[in-house]
Amino acid sequence: MNGATAGTNLDTVRRHNLATVLGLVHREGPLSRSRLTQATGLNRSTVGALVAELADLGLVQEREPQVSNRVGRPSPVIAADGRVIALAVNPEIDAVTVGVVGLDATVHRRVRYPTGRIPSAAEAVSIAAAVIEGLRPDLGAASRVVGIGVAVPGLVREEDGVVRLAPHLRWSEEPFAAALADATGYPVLAANDASLGADAERLFGAGRGASDLVYLNGGASGIGAGVIVGGRPLTGISGYAGELGHTLVNSSGVRCHCGAIGCLETEVSQGALLRVLGMDAADADELERSLLAAVTRGDPDVVAEVDRQIGFLATALRNATNVFDPQLIVLGGFLGALHAIDPARLPSLVAAQALSASAERLSIVRAALGSDILMIGAAELAFRPLLASPAS
């Protein structure tokens, strides 16, 4: 092996190790040097050199640990630098939401801009760009803005951010990522919202440690899903896997916009819940508060609609359980609110309907990241290139 080849190989190993260390403190939170040494299998001096390089790059901060009663000098703590920022955008049929998220997975700001009607792709770009411009004071404290991640309620071609189809938004073949990049000057990546939500919950929320999970997100634009199998996202050949919102739950139901009869999102919808509550629009937190209040006081229309929707949701979760055999089903958006009303009911209904062997180890929980989930998921998409190659 000549010197040039050896140097190239050593540089490749160093870059890989930098990504490993940064990924650990990004996903796990602040870790001591000794813990990083154990987790990576590298020696202490190598870990020290990697941490020093990441600190010079402005990606991590090293600080003294809290005082403990342990004998000896405590190991310094390494944390992802929250001043490294990604922007997150989530266009919906009634609003465009923009978030500011740190490399430490902290959501610094979340701004929901109501639209009053379904925005076109061009309008959503203009709104997002204007909100981002208004966030300049917040971004002034950032050491770096890596780019924008977009969570789209529809089918997205990830390699170029073209929205192939977002039926509730009435978008088709829209080059959303390129348009937003032109409007803001930042690099932009886009993907399906539920897939990003699944990734966020797997890394930072209720799905930590789960190798096989199904995440269902309920929003103004319907129901999407992301599936993790063996610790990896299930994407399908074109990246469009996970459309559980279009699985059959009622053969006597109504026709869906996709052309089929009785899809899950025709029977379980945020719009129907808003109607019985007498509300025009609400974010997930507002909707949950209103639902719980109405159910608590025994409003018959609300109780009946909640019961109806939970019944159809249980059918869809039975199908997901039988097909994917997950250890965890995570419910986000208004689906999490439905589950919170009676946390024992959905697990009971699914256990009664699913194959017993598949259901016996299943847990059904609500998303732990709450209304920040799509902000964190979209930001994770924007952070992906940096995490893969911190020294680039």
# chains A, B, ... in the order shown; residues from 1 in each chain; ligands from 1

call {"tool": "residues_around", "arguments": {"residues": "Leu139 in chain A", "least_positions_apart": "2", "cutoff": "12 Å", "atoms": "only C-alpha atoms", "output": "PyMOL selection string"}}
result
chain A and resi 82-87+99-102+108-109+131-137+141-147

call {"tool": "closest_residue", "arguments": {"among": "A:Val96, A:Leu331, A:Ala105, A:Glu159", "to": "Ala130 in chain A", "atoms": "only C-alpha atoms"}}
result
A:Val96

call {"tool": "atom_distance", "arguments": {"atom1": "CA of Ala19 in chain A", "atom2": "CA of Phe204 in chain A"}}
result
18.1 Å

call {"tool": "residues_around", "arguments": {"residues": "Val350 in chain A", "least_positions_apart": "4", "cutoff": "7 Å", "atoms": "only C-alpha atoms", "output": "PyMOL selection string"}}
result
chain A and resi 314+317-318+346+354

call {"tool": "write_last_selection", "arguments": {"atoms": "C-alpha atoms", "output": "compact mmCIF listing (two decimals), in the first residue's frame"}}
result
# COMPACT_ATOMS: atom_id res chain seq x y z
CA ALA A 314 -59.02 -0.12 15.56
CA LEU A 317 -54.53 -0.93 13.44
CA ARG A 318 -55.60 -4.59 13.34
CA LEU A 346 -57.74 0.91 21.36
CA ALA A 354 -55.78 -9.07 15.41

call {"tool": "select_by_dssp", "arguments": {"residues": "range 82-331 of chain A", "states": "strand (DSSP E)", "output": "MDAnalysis selection string"}}
result
chainID A and resid 84:91 95:102 107:114 144:152 155:157 162:166 171:174 188:192 213:219 222:229 232:233 328:331

call {"tool": "residues_around", "arguments": {"residues": "range 232-235 of chain A", "least_positions_apart": "3", "cutoff": "10 Å", "atoms": "only C-alpha atoms", "output": "list in words"}}
result
Ser195, Leu196, Ala198, Asp199, Arg202, Ser211, Asp212, Leu213, Val214, Gly226, Val227, Ile228, Val229, Ser238, Gly239, Tyr240, Ala241 and Gly242 of chain A

call {"tool": "residues_around", "arguments": {"residues": "Asp325 in chain A", "least_positions_apart": "3", "cutoff": "7 Å", "atoms": "only C-alpha atoms", "output": "VMD selection string"}}
result
chain A and resid 321 to 322 358

call {"tool": "write_last_selection", "arguments": {"atoms": "N, CA, C and O atoms", "output": "PDB file, in the first residue's frame"}}
result
ATOM      1  N   THR A 321     -51.200  -4.442  12.368  1.00  0.00           N
ATOM      2  CA  THR A 321     -50.612  -5.440  13.266  1.00  0.00           C
ATOM      3  C   THR A 321     -50.419  -6.771  12.557  1.00  0.00           C
ATOM      4  O   THR A 321     -49.355  -7.406  12.656  1.00  0.00           O
ATOM      5  N   ASN A 322     -51.422  -7.191  11.817  1.00  0.00           N
ATOM      6  CA  ASN A 322     -51.336  -8.477  11.120  1.00  0.00           C
ATOM      7  C   ASN A 322     -50.299  -8.457   9.992  1.00  0.00           C
ATOM      8  O   ASN A 322     -49.639  -9.460   9.726  1.00  0.00           O
ATOM      9  N   SER A 358     -49.560 -11.990  16.824  1.00  0.00           N
ATOM     10  CA  SER A 358     -49.020 -10.675  16.459  1.00  0.00           C
ATOM     11  C   SER A 358     -49.318  -9.629  17.527  1.00  0.00           C
ATOM     12  O   SER A 358     -48.525  -8.714  17.747  1.00  0.00           O
TER      13      SER A 358
END

call {"tool": "select_by_dssp", "arguments": {"residues": "range 119-363 of chain A", "states": "helix (DSSP H, G or I)", "output": "ChimeraX atom specification"}}
result
/A:121-134,136-139,176-184,193-204,244-246,264-267,270-277,284-296,300-324,334-341,345-353,356-359

call {"tool": "closest_residue", "arguments": {"among": "A:Glu265, A:Asp182, A:Glu53, A:Glu92", "to": "Gly222 in chain A", "atoms": "only C-alpha atoms"}}
result
A:Glu265
